[in-house]
Structures are given as structure tokens and as C-alpha cells.
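Right, one structure below, let's go through it.
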Amino acid sequence: MTASTLTGSLLVATPLLDEPPFRRSVILLLDHDQDGALGVVVNRAADLEVDSVLSDWSTTVSEPGVLFMGGPVGTDSALAVAEVIESADPPGWRECFGRIGLIDLDVPPALLEGAIQRMRIFAGYAGWGGGQLEGEITEGAWYVVPSEPDDVFSLRPEGLWRRVLRRQHDQMAYLATYPDDPTQN
């Protein structure tokens with residue numbers, strides 16, 4: 001991650017962003033530059049097994065083995081985010097940052113055998129045009145925090161919003177206790 005890009009960071013929805021589909025979402029930014037940004041919501045597991053939509057990949061994806069709702073854009077398409085083993089450069093893999101990248105789902109899974117450490121498949125993605133994300137951050141819709149490799153592959157994605165906030169070393173950590181419905185507090 002460099003000063004000119006947020007690639008590899010997490011966008012954490014602030015309590016001000018209270019409307020679906022981004023309410024309490026955590027987005028991993030896979031690409032960010034002057035032309036825009038692309039990421040996937042990593043804490044929205046769908047109630048749909050990967051086996052029922054992309055059966056060839058069902059033994060490659062990490063637990064819980066379900067499709068994730070990556071965002072409101074292109075929900076009829078799928079993105080596979082994977083962590084490859086050290087020094088691997090398998091066919092069909094495009095590095096985003098570190099060992100995290102995108103897998104081309106048209107590549108036969110057998111060609112990637114032994115190279116993928118963990119993988120998730122997302123229906124759709126979140127995208128922003130040039131300057132749009134920066135404007136939303138300035139308006140207070142998103143916190144930008146460092147990601148950890150386990151964030152995208154969390155076994156308990158539903159609690160990720162609170163866990164990411166809780167690990168921050170400033171006032172942001174207090175927001176982890178923000179009630180689901182502040183009017184009922």
C-alpha cells in the first residue's frame with residue numbers, strides 16, 4: 001500500500017451509512033487509483049452454497065463454502081479472491097496486493113492445485129468512479145483502516161464489522177459497541 005492508493009485497505013461503514021447494501025459493511029479494496037476503486041464486501045455471506053452455482057470450485061473455496069455478496073454492482077457475475085502460497089504465481093491469478101489477488105474462474109481449478117491457500121467467491125462488487133470514493137470518505141461514510149489477511153477469509157464474517165473496529169487504537173474502537181438500532185437504546 002502506498003500513499004497514492006488505498007489498495008489493500010478496508011473500508012468500514014460508519015454508523016452514518018445506515019442504508020442497505022452498505023450498512024455495517026466491511027469492504028476489501030482490491031484496486032484503487034485516480035480512475036476509481038473496486039472492492040468486495042467481505043462480511044455478507046449468502047445462503048447459497050458455492051457447489052450449487054460453481055461446482056468445479058466447491059472444493060477450492062474456504063469455509064463456510066458459500067457465495068458472498070460482494071456488492072451491488074454486477075451481482076450476476078462472480079469474483080474469486082484468493083490468497084496464494086508464498087512465491088506462487090499460478091495461471092489465472094492477478095495480484096492485487098501481497099499474496100491476495102483475483103482468480104480467473106475460467107481457469108480449470110486443477111491448474112491451481114497446491115497454489116491457493118484460501119479463496120472466497122463473491123457475487124458482484126462495489127465500485128466507485130474517479131474521486132467518488134474519496135468524496136464519500138470526506139463526507140464521513142467510510143473509515144479506512146489496514147486490512148489483515150484473515151479479514152477476507154473470516155470464519156465468522158457476520159461479526160467482522162465490530163471486530164475490525166474493536167482492534168483500532170483510537171476512538172474508532174468505541175464504535176464497536178454502537179447499537180444495531182440507536183433509537184432503541
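Labels for the C-alpha cells follow display order: chains A, B, ..., residues from 1 in each chain, ligands from 1.
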
Handout entry: Sel. of strand (DSSP E) residues, chain A, as an MDAnalysis selection string
Key = chainID A and resid 9:13 26:33 36:41 45:49 66:69 73:84 93:97 100:103 116:129 142:146

Problem - Contacts of range 158-171 of chain A at 8 Å (only C-alpha atoms; same-chain gap of 6+ positions) as a list in words - result: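 Everything that qualifies: Val12, Arg24, Ser25, Val26, Asn43, Arg44, Ala45, Asp151 and Thr177 of chain A.
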
Practice task
Give me the residues within 9 Å of range 100-107 of chain A as a PyMOL selection string, counting only C-alpha atoms and dropping any in the same chain fewer than 4 places off.
Solution key: chain A and resi 8+30+54+57+78-84+91-96+111-112+119+149

Could you pull out the helix (DSSP H, G or I) residues of range 23-139 of chain A from DSSP and send them as a PDB file with N, CA, C and O atoms, in the first residue's frame?
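Now in out.pdb:
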```pdb
ATOM      1  N   VAL A  50     -21.530 -22.603  -2.764  1.00  0.00           N
ATOM      2  CA  VAL A  50     -20.762 -22.470  -3.998  1.00  0.00           C
ATOM      3  C   VAL A  50     -21.024 -23.673  -4.897  1.00  0.00           C
ATOM      4  O   VAL A  50     -21.118 -23.544  -6.120  1.00  0.00           O
ATOM      5  N   ASP A  51     -21.184 -24.825  -4.311  1.00  0.00           N
ATOM      6  CA  ASP A  51     -21.425 -26.050  -5.068  1.00  0.00           C
ATOM      7  C   ASP A  51     -22.641 -25.937  -5.992  1.00  0.00           C
ATOM      8  O   ASP A  51     -22.676 -26.526  -7.065  1.00  0.00           O
ATOM      9  N   SER A  52     -23.636 -25.147  -5.602  1.00  0.00           N
ATOM     10  CA  SER A  52     -24.855 -25.034  -6.410  1.00  0.00           C
ATOM     11  C   SER A  52     -24.717 -24.074  -7.588  1.00  0.00           C
ATOM     12  O   SER A  52     -25.550 -24.101  -8.491  1.00  0.00           O
ATOM     13  N   SER A  55     -19.851 -25.461  -9.163  1.00  0.00           N
ATOM     14  CA  SER A  55     -19.486 -26.724  -8.531  1.00  0.00           C
ATOM     15  C   SER A  55     -18.018 -27.106  -8.710  1.00  0.00           C
ATOM     16  O   SER A  55     -17.440 -27.740  -7.831  1.00  0.00           O
ATOM     17  N   ASP A  56     -17.395 -26.721  -9.823  1.00  0.00           N
ATOM     18  CA  ASP A  56     -15.975 -27.038 -10.030  1.00  0.00           C
ATOM     19  C   ASP A  56     -15.086 -26.430  -8.946  1.00  0.00           C
ATOM     20  O   ASP A  56     -14.001 -26.930  -8.678  1.00  0.00           O
ATOM     21  N   TRP A  57     -15.539 -25.332  -8.345  1.00  0.00           N
ATOM     22  CA  TRP A  57     -14.731 -24.615  -7.359  1.00  0.00           C
ATOM     23  C   TRP A  57     -15.113 -24.961  -5.916  1.00  0.00           C
ATOM     24  O   TRP A  57     -14.508 -24.449  -4.982  1.00  0.00           O
ATOM     25  N   PRO A 109      -9.769 -25.451 -12.138  1.00  0.00           N
ATOM     26  CA  PRO A 109      -9.257 -25.475 -10.771  1.00  0.00           C
ATOM     27  C   PRO A 109      -8.036 -26.383 -10.595  1.00  0.00           C
ATOM     28  O   PRO A 109      -7.161 -26.093  -9.776  1.00  0.00           O
ATOM     29  N   ALA A 110      -7.938 -27.443 -11.362  1.00  0.00           N
ATOM     30  CA  ALA A 110      -6.808 -28.374 -11.232  1.00  0.00           C
ATOM     31  C   ALA A 110      -5.471 -27.688 -11.505  1.00  0.00           C
ATOM     32  O   ALA A 110      -4.444 -28.073 -10.936  1.00  0.00           O
ATOM     33  N   LEU A 111      -5.474 -26.642 -12.335  1.00  0.00           N
ATOM     34  CA  LEU A 111      -4.229 -25.934 -12.639  1.00  0.00           C
ATOM     35  C   LEU A 111      -3.722 -25.103 -11.453  1.00  0.00           C
ATOM     36  O   LEU A 111      -2.581 -24.680 -11.437  1.00  0.00           O
ATOM     37  N   LEU A 112      -4.598 -24.869 -10.490  1.00  0.00           N
ATOM     38  CA  LEU A 112      -4.244 -24.055  -9.325  1.00  0.00           C
ATOM     39  C   LEU A 112      -3.985 -24.897  -8.082  1.00  0.00           C
ATOM     40  O   LEU A 112      -3.700 -24.357  -7.018  1.00  0.00           O
ATOM     41  N   GLN A 132     -14.865   9.568  -6.540  1.00  0.00           N
ATOM     42  CA  GLN A 132     -16.124   9.301  -5.850  1.00  0.00           C
ATOM     43  C   GLN A 132     -15.892   8.735  -4.449  1.00  0.00           C
ATOM     44  O   GLN A 132     -16.505   9.201  -3.480  1.00  0.00           O
ATOM     45  N   LEU A 133     -15.032   7.747  -4.317  1.00  0.00           N
ATOM     46  CA  LEU A 133     -14.764   7.163  -3.004  1.00  0.00           C
ATOM     47  C   LEU A 133     -14.150   8.198  -2.068  1.00  0.00           C
ATOM     48  O   LEU A 133     -14.549   8.298  -0.905  1.00  0.00           O
ATOM     49  N   GLU A 134     -13.205   8.968  -2.567  1.00  0.00           N
ATOM     50  CA  GLU A 134     -12.572   9.999  -1.737  1.00  0.00           C
ATOM     51  C   GLU A 134     -13.624  10.976  -1.200  1.00  0.00           C
ATOM     52  O   GLU A 134     -13.547  11.396  -0.036  1.00  0.00           O
ATOM     53  N   GLY A 135     -14.613  11.303  -2.031  1.00  0.00           N
ATOM     54  CA  GLY A 135     -15.698  12.176  -1.588  1.00  0.00           C
ATOM     55  C   GLY A 135     -16.527  11.548  -0.484  1.00  0.00           C
ATOM     56  O   GLY A 135     -16.879  12.208   0.496  1.00  0.00           O
ATOM     57  N   GLU A 136     -16.814  10.254  -0.615  1.00  0.00           N
ATOM     58  CA  GLU A 136     -17.588   9.563   0.413  1.00  0.00           C
ATOM     59  C   GLU A 136     -16.810   9.462   1.726  1.00  0.00           C
ATOM     60  O   GLU A 136     -17.386   9.561   2.807  1.00  0.00           O
ATOM     61  N   ILE A 137     -15.500   9.275   1.624  1.00  0.00           N
ATOM     62  CA  ILE A 137     -14.664   9.231   2.835  1.00  0.00           C
ATOM     63  C   ILE A 137     -14.676  10.594   3.513  1.00  0.00           C
ATOM     64  O   ILE A 137     -14.850  10.698   4.737  1.00  0.00           O
ATOM     65  N   THR A 138     -14.531  11.657   2.737  1.00  0.00           N
ATOM     66  CA  THR A 138     -14.546  13.015   3.284  1.00  0.00           C
ATOM     67  C   THR A 138     -15.880  13.334   3.940  1.00  0.00           C
ATOM     68  O   THR A 138     -15.929  13.997   4.977  1.00  0.00           O
TER      69      THR A 138
END
```

Exercise for the section: Pick out the closest residue to Thr59 in chain A from this set: A:Arg120, A:Leu28, A:Phe22, A:Pro15. Count only C-alpha atoms. Expected result: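 Closest to Thr59 in chain A of all the choices is A:Arg120.
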
Exercise for the section: Just give me the gap between CA of Thr14 in chain A and CA of Ile27 in chain A in Å, one decimal is fine. Expected result: 12.0 Å

Exercise for the section: Write out as a ChimeraX atom specification which residues come within 9 Å of Gly127 in chain A when counting only C-alpha atoms, dropping same-chain ones fewer than 2 positions away. Expected result: /A:36-40,71-73,125,129,133

Handout entry: Shell around Asp33 in chain A at 8 Å using only C-alpha atoms, local window under 5 positions removed, as a PyMOL selection string
Key = chain A and resi 4-6+130

Handout entry: Interatomic distance, CA of Leu10 in chain A to CA of Pro146 in chain A (Å, one decimal)
Key = 5.9 Å

Exercise for the section: Would you mind telling me which residue in A:Leu155, A:Ile116, A:Leu17, A:Ala141 lies nearest to Glu86 in chain A when using only C-alpha atoms? Expected result: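 With only C-alpha atoms as the atom set, the closest residue is A:Ile116.
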
Problem - Contacts of range 64-69 of chain A within 7 Å, only C-alpha atoms, excl. fewer than 6 positions in-chain, as a list in words - result: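 Once the adjacent positions are removed, what remains is Val41, Arg44, Ala45, Ala46, Asp47, Leu48, Glu49, Val50, Ser58, Ile121, Phe122, Ala123, Gly124 and Leu155 of chain A.
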
Go ahead and dump the residues you just picked, N, CA and C atoms, as an mmCIF file, in the first residue's frame.
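Printed below is selection.cif as written:
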```cif
data_model
loop_
_atom_site.group_PDB
_atom_site.id
_atom_site.type_symbol
_atom_site.label_atom_id
_atom_site.label_comp_id
_atom_site.auth_asym_id
_atom_site.auth_seq_id
_atom_site.Cartn_x
_atom_site.Cartn_y
_atom_site.Cartn_z
ATOM 1 N N VAL A 41 -17.429 -6.645 -0.587
ATOM 2 C CA VAL A 41 -17.932 -6.687 0.784
ATOM 3 C C VAL A 41 -17.572 -8.065 1.330
ATOM 4 N N ARG A 44 -20.628 -10.369 4.121
ATOM 5 C CA ARG A 44 -22.016 -10.691 3.758
ATOM 6 C C ARG A 44 -22.091 -12.063 3.090
ATOM 7 N N ALA A 45 -22.131 -13.099 3.895
ATOM 8 C CA ALA A 45 -22.274 -14.453 3.371
ATOM 9 C C ALA A 45 -23.710 -14.655 2.903
ATOM 10 N N ALA A 46 -23.854 -15.241 1.726
ATOM 11 C CA ALA A 46 -25.180 -15.548 1.195
ATOM 12 C C ALA A 46 -25.599 -16.936 1.672
ATOM 13 N N ASP A 47 -26.857 -17.212 1.549
ATOM 14 C CA ASP A 47 -27.381 -18.524 1.914
ATOM 15 C C ASP A 47 -27.415 -19.403 0.669
ATOM 16 N N LEU A 48 -26.252 -19.498 0.001
ATOM 17 C CA LEU A 48 -26.158 -20.232 -1.253
ATOM 18 C C LEU A 48 -24.785 -20.900 -1.322
ATOM 19 N N GLU A 49 -24.793 -22.209 -1.357
ATOM 20 C CA GLU A 49 -23.545 -22.969 -1.432
ATOM 21 C C GLU A 49 -22.860 -22.736 -2.780
ATOM 22 N N VAL A 50 -21.530 -22.603 -2.764
ATOM 23 C CA VAL A 50 -20.762 -22.470 -3.998
ATOM 24 C C VAL A 50 -21.024 -23.673 -4.897
ATOM 25 N N SER A 58 -16.095 -25.816 -5.721
ATOM 26 C CA SER A 58 -16.607 -26.068 -4.373
ATOM 27 C C SER A 58 -15.558 -26.644 -3.422
ATOM 28 N N ILE A 121 -15.535 -16.707 -3.094
ATOM 29 C CA ILE A 121 -16.179 -16.263 -4.327
ATOM 30 C C ILE A 121 -17.285 -15.282 -3.963
ATOM 31 N N PHE A 122 -17.283 -14.156 -4.672
ATOM 32 C CA PHE A 122 -18.207 -13.059 -4.397
ATOM 33 C C PHE A 122 -19.105 -12.811 -5.597
ATOM 34 N N ALA A 123 -20.398 -12.667 -5.342
ATOM 35 C CA ALA A 123 -21.346 -12.254 -6.370
ATOM 36 C C ALA A 123 -21.358 -10.733 -6.370
ATOM 37 N N GLY A 124 -20.880 -10.149 -7.440
ATOM 38 C CA GLY A 124 -20.849 -8.699 -7.553
ATOM 39 C C GLY A 124 -19.682 -8.066 -6.828
ATOM 40 N N LEU A 155 -13.970 -16.847 9.441
ATOM 41 C CA LEU A 155 -14.951 -17.920 9.627
ATOM 42 C C LEU A 155 -16.245 -17.390 10.227
#
```

Handout entry: CA of Val144 in chain A to CA of Met172 in chain A, distance in Å rounded to a single decimal
Key =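 Answer for the CA of Val144 in chain A to CA of Met172 in chain A separation: 10.8 Å.
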